[in-house]
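Reviewing the structure listed below.
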Amino acid sequence: MTQHQRLLIIDFGSQVTQLIARRLRELGVFCEIRPYQSVTDAELRETPPQAVILSGGPDSVTRDGSPRAPQALFQLGVPVLGICYGQQVMMEQLGGRVEVGHHAEYGRAFVSPAPGHALDGIFAGLFQDGREEVWMSHGDRVTALAPGFQVIGTSANAPFAMIADEARRFYAVQFHPEVHHSPNGRILLENFVRLAGFTGDWTMAGYRDEAIRRIREQVGDGKVICGLSGGVDSSVAAVLIHEAIGDQLTCVFVDHGLLRQGEAEEVVTMFRDNYNIPLVHADESELFLGALKGVSDPETKRKTIGRLFIDVFQKHAAEVGGAEFLAQGTLYPDVIESVSFSGGPSVTIKSHHNVGGLPEKMGLKLVEPLRELFKDEVRALGRELGLPERFIGRHPFPGPGLAIRCPGEITREKLEILRRADAVYIDQIRRHGLYDDIWQAFVAILPVRTVGVMGDSRTYDYACALRAVTSVDGMTADYYPFTHEFLGETATRIINEVKGINRVTYDITSKPPGTIEWE
Ligand code: XMP
C-alpha cells in the first residue's frame, strides 16, 4: 500500500465520509480514512501524508470535549481541506470562531463568489454560471475567520461557505463537495489533489490484484463458503474469490422465501451454466418466514434475518465440510450506516443485515472483499473480472429481500401479491427501455387496505407504492421522473393483473431525507 502517494482523510463521523474516498479514487488517488482519535501528532510528523481532508461530522465544535484534529497537522506544510465539521474544526483550532447556528441549512443551497478574490488554484473552473449549487447539512456555522483566511464564496445562511488561506494551502467549505448533489464538488476535489501534487496512480486493475492478494493471504489453504444472492455484489465477490483461491470456494444460495418472482431458478441456472463454482441451493423459506411471523418492527426484521442467515450458513458450511470462512458481498454503504467505517462516531440509521445481524461469535471468519467499495466500483470490478454485462447491470437487491418492502407484518399472501406487482412494474420499465437509466426500482406493499370499485363491485385490497430512484452510489438518491403516461399505464396494469391490489401510489421522496428502501 505504501507505494502509492497517500491522502489522509480524518473522519469525524459524517454519514458521507466514504464518499470523499470514492471521489478521490475516481481521480486515481489512494486515500486512507482514519477516525480522528486514532491519528496522533507523532505519527503525522513521522509519516506525513501528501495532503489531508477533514471530514464532516455530527458533533458541534462548540461542545466541550467535541472532536478535534491533531494540532501537528497544521504545521506539516501539506495542503488541508476542511469539509463542514472539518471547516469548523479548522477555524476553532486556528483561531477563528464557530457558533451554534440559528439558521441551519439542510439540502440544496447556492454559493456565490465573494468579490475581489481570484478564482484560481483550488477554485479554478467554479462559478462558470455565476453561482454553484451545493448540498449543505449543518446546524453550526463559522462566524469569524482564523487569521490568514479569506472568504471565497457565501451562501444565504453560510457567510463563510468557501474560505482559503492560500499561503498555507488551507481550504475549507461549509458544504459537502463529495456528494452527487453538489454537481461541481468534483472540480473542487480534483483541483485540491492536483495542487497537492497527486498524479493519479491508483486504478481498479490495481485494486483487483490487491484484493486477490489479500484474499489469498487471509484464507491460505482454508475452505470458503460464499453466500450467493444472484445480485451484483455477491456475484462479483464469488468470481473474485474464485479467481483468488479456485475450488477452495463453495457457493451457498439461501432462498429465504423473500426473493422476487423467478429469482431462485434464475440464480441457480445462471451459476450452474456460467461458472464452474460448486453451488448448494438451500430452500430455507419455512425457517425464515416462521421466525418473521408477527414481526413488524423493521430493525427486528433485519436482525432476525441476519441471525438466521448466519445459522443457515453455519449449517451448510458444516455440510460442505471444514469451511472456516464465510464470504459476503458486503458493500461500503452497508457498513457506513451501521457503524462508522473506521470506528469513528457516526450515527446508526439502519442495521443492514450483512453487518448489524452478525452475532459476535459466529464460528466462521468473514471474507468481505467488497467492503470498501461502492456499487458502481463493484460494477467496474465486475467488468475488470470479465463478468457478463447482464449480471453487472442488475439493479441492487437488499439482503433482507422483500421483508423490507413489506412494512408491517410479513405474510405469504402479501409476499405473493408483492412479487406479482413487482414483476409487472419491472416488465413495464424494461418495455419502456428505462431499466438501465434507473438505479433501483421496486414495489412496496403497504400495510393498509383501501376501498375501490371494479366493475360493479366494491373492492377492499392492499395499496402499493412504486419506487424508482436514480443514484450513483446508493448514498444519495432522487426519485425517477416517470411520465404521467407511464405511471398511469403501470397503475392500470398492476390493478388489472394483480389480484389483491386496488391502489397504486408513486413515492417521490429523495434520499436524504428518505432512504431508498422503505425499512
Ligand atoms: P437505503 O434503503 O439504506 O438503501 O437507502 C441503500 C442501498 O442499500 C440497499 N440495502 C441493502 N443491501 N443488505 C444489502 O445487501 C441490506 O440489509 C440492505 N438494506 C438496504 C438498498 O436496496 C439500496 O440499494
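Quick note on naming: the chains in the C-alpha cells go A, B, ... in the order shown, residues restart at 1 in each chain, and ligands are numbered from 1 in order of appearance.
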
- Message: So that I can check the surroundings of Ser60 in chain A, please list as a count of residues only every protein, DNA and RNA residue that reaches within 12 Å of it, counting only C-alpha atoms and ignoring chain neighbours fewer than 5 positions away.
- Response: 22

- Task: Output as a ChimeraX atom specification all residues of range 175-265 of chain A that backbone DSSP marks as strand (DSSP E or B).
- Result: /A:223-227,249-255

- Just the residues within 9 Å of His181 in chain A, please, counting only C-alpha atoms, with nothing from its chain fewer than 4 positions along; format it as JSON, numbers by chain. {"A": [107, 108, 133, 134, 135, 176, 177, 185, 476, 477]}

Please write the residues from the selection above to a file, keeping N, CA, C and O atoms, as an mmCIF file, in the first residue's frame.
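Written file, part-v4.cif:
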data_model
loop_
_atom_site.group_PDB
_atom_site.id
_atom_site.type_symbol
_atom_site.label_atom_id
_atom_site.label_comp_id
_atom_site.auth_asym_id
_atom_site.auth_seq_id
_atom_site.Cartn_x
_atom_site.Cartn_y
_atom_site.Cartn_z
ATOM 1 N N GLY A 107 -29.815 20.360 2.772
ATOM 2 C CA GLY A 107 -30.231 20.166 1.389
ATOM 3 C C GLY A 107 -29.611 21.205 0.469
ATOM 4 O O GLY A 107 -28.542 21.753 0.749
ATOM 5 N N ARG A 108 -30.305 21.515 -0.635
ATOM 6 C CA ARG A 108 -29.730 22.344 -1.696
ATOM 7 C C ARG A 108 -29.530 23.799 -1.253
ATOM 8 O O ARG A 108 -30.384 24.388 -0.604
ATOM 9 N N GLU A 133 -24.327 25.321 -7.243
ATOM 10 C CA GLU A 133 -25.313 24.574 -6.483
ATOM 11 C C GLU A 133 -24.554 23.597 -5.584
ATOM 12 O O GLU A 133 -23.660 22.895 -6.051
ATOM 13 N N VAL A 134 -24.892 23.582 -4.309
ATOM 14 C CA VAL A 134 -24.179 22.693 -3.383
ATOM 15 C C VAL A 134 -25.165 22.042 -2.422
ATOM 16 O O VAL A 134 -26.314 22.468 -2.319
ATOM 17 N N TRP A 135 -24.689 21.020 -1.726
ATOM 18 C CA TRP A 135 -25.509 20.311 -0.752
ATOM 19 C C TRP A 135 -24.979 20.611 0.634
ATOM 20 O O TRP A 135 -23.815 20.388 0.935
ATOM 21 N N HIS A 176 -20.898 20.066 1.272
ATOM 22 C CA HIS A 176 -20.278 18.755 1.032
ATOM 23 C C HIS A 176 -19.953 18.585 -0.457
ATOM 24 O O HIS A 176 -20.821 18.199 -1.230
ATOM 25 N N PRO A 177 -18.701 18.830 -0.858
ATOM 26 C CA PRO A 177 -18.362 18.699 -2.277
ATOM 27 C C PRO A 177 -18.366 17.242 -2.735
ATOM 28 O O PRO A 177 -18.414 16.969 -3.926
ATOM 29 N N GLY A 185 -18.717 19.744 -7.095
ATOM 30 C CA GLY A 185 -17.846 19.430 -5.966
ATOM 31 C C GLY A 185 -16.610 18.680 -6.432
ATOM 32 O O GLY A 185 -15.511 18.841 -5.908
ATOM 33 N N THR A 476 -26.926 8.856 -1.800
ATOM 34 C CA THR A 476 -27.934 9.884 -2.022
ATOM 35 C C THR A 476 -28.730 9.433 -3.246
ATOM 36 O O THR A 476 -28.215 8.682 -4.064
ATOM 37 N N ALA A 477 -29.978 9.862 -3.339
ATOM 38 C CA ALA A 477 -30.802 9.407 -4.457
ATOM 39 C C ALA A 477 -31.920 10.401 -4.742
ATOM 40 O O ALA A 477 -32.348 11.140 -3.856
#

- Quick one: everything within 8 Å of Pro400 in chain A, counting only C-alpha atoms, minus sequence neighbours fewer than 5 positions away in the same chain. Send it as a ChimeraX atom specification. /A:258,302,305-306,353

Output all heavy atoms of each residue in that selection to a file, as a PDB file, in the first residue's frame.
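Result file follows (again_6.pdb):
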ATOM      1  N   LEU A 258     -37.932 -14.696   0.527  1.00  0.00           N
ATOM      2  CA  LEU A 258     -38.161 -13.257   0.381  1.00  0.00           C
ATOM      3  C   LEU A 258     -37.563 -12.756  -0.919  1.00  0.00           C
ATOM      4  O   LEU A 258     -37.165 -11.600  -1.031  1.00  0.00           O
ATOM      5  CB  LEU A 258     -37.528 -12.529   1.582  1.00  0.00           C
ATOM      6  CG  LEU A 258     -38.109 -12.930   2.945  1.00  0.00           C
ATOM      7  CD1 LEU A 258     -37.166 -12.572   4.078  1.00  0.00           C
ATOM      8  CD2 LEU A 258     -39.469 -12.267   3.149  1.00  0.00           C
ATOM      9  N   ARG A 302     -34.716  -7.073  10.318  1.00  0.00           N
ATOM     10  CA  ARG A 302     -33.349  -7.126   9.796  1.00  0.00           C
ATOM     11  C   ARG A 302     -32.464  -8.015  10.664  1.00  0.00           C
ATOM     12  O   ARG A 302     -31.691  -8.815  10.161  1.00  0.00           O
ATOM     13  CB  ARG A 302     -32.746  -5.720   9.746  1.00  0.00           C
ATOM     14  CG  ARG A 302     -33.242  -4.884   8.601  1.00  0.00           C
ATOM     15  CD  ARG A 302     -32.684  -3.471   8.685  1.00  0.00           C
ATOM     16  NE  ARG A 302     -32.995  -2.740   7.467  1.00  0.00           N
ATOM     17  CZ  ARG A 302     -32.281  -2.794   6.347  1.00  0.00           C
ATOM     18  NH1 ARG A 302     -31.192  -3.524   6.303  1.00  0.00           N
ATOM     19  NH2 ARG A 302     -32.640  -2.131   5.271  1.00  0.00           N
ATOM     20  N   ILE A 305     -33.387 -11.752  10.293  1.00  0.00           N
ATOM     21  CA  ILE A 305     -32.906 -12.315   9.024  1.00  0.00           C
ATOM     22  C   ILE A 305     -31.386 -12.483   9.061  1.00  0.00           C
ATOM     23  O   ILE A 305     -30.854 -13.530   8.683  1.00  0.00           O
ATOM     24  CB  ILE A 305     -33.341 -11.419   7.837  1.00  0.00           C
ATOM     25  CG1 ILE A 305     -34.868 -11.435   7.725  1.00  0.00           C
ATOM     26  CG2 ILE A 305     -32.704 -11.893   6.533  1.00  0.00           C
ATOM     27  CD1 ILE A 305     -35.432 -10.388   6.787  1.00  0.00           C
ATOM     28  N   GLY A 306     -30.700 -11.469   9.586  1.00  0.00           N
ATOM     29  CA  GLY A 306     -29.241 -11.536   9.677  1.00  0.00           C
ATOM     30  C   GLY A 306     -28.797 -12.731  10.515  1.00  0.00           C
ATOM     31  O   GLY A 306     -27.884 -13.462  10.147  1.00  0.00           O
ATOM     32  N   HIS A 353     -28.446  -5.975   6.976  1.00  0.00           N
ATOM     33  CA  HIS A 353     -28.441  -7.326   7.537  1.00  0.00           C
ATOM     34  C   HIS A 353     -27.074  -7.971   7.507  1.00  0.00           C
ATOM     35  O   HIS A 353     -26.732  -8.755   8.363  1.00  0.00           O
ATOM     36  CB  HIS A 353     -29.453  -8.218   6.814  1.00  0.00           C
ATOM     37  CG  HIS A 353     -28.846  -9.036   5.741  1.00  0.00           C
ATOM     38  ND1 HIS A 353     -28.623  -8.535   4.502  1.00  0.00           N
ATOM     39  CD2 HIS A 353     -28.364 -10.290   5.767  1.00  0.00           C
ATOM     40  CE1 HIS A 353     -28.044  -9.476   3.789  1.00  0.00           C
ATOM     41  NE2 HIS A 353     -27.871 -10.538   4.515  1.00  0.00           N
TER      42      HIS A 353
END

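CA of Val52 in chain A is found 27.8 Å from CA of Pro115 in chain A.
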
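Using only C-alpha atoms for every distance, the candidate list A:Pro407, A:Met136, A:Ala124, A:Arg467 yields A:Pro407 as the residue closest to Val295 in chain A.
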
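Ranking A:Gly401, A:Gly222, A:Pro369, A:Gly488 by their shortest atom-to-atom distance to Lys301 in chain A, with only C-alpha atoms included, puts A:Gly401 first.
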
- Message: Please extract the residues of range 361-476 of chain A with a backbone DSSP assignment of helix (DSSP H, G or I) and present them as a PyMOL selection string.
- Response: chain A and resi 375-384+389-392+401-405+412-431+435-437
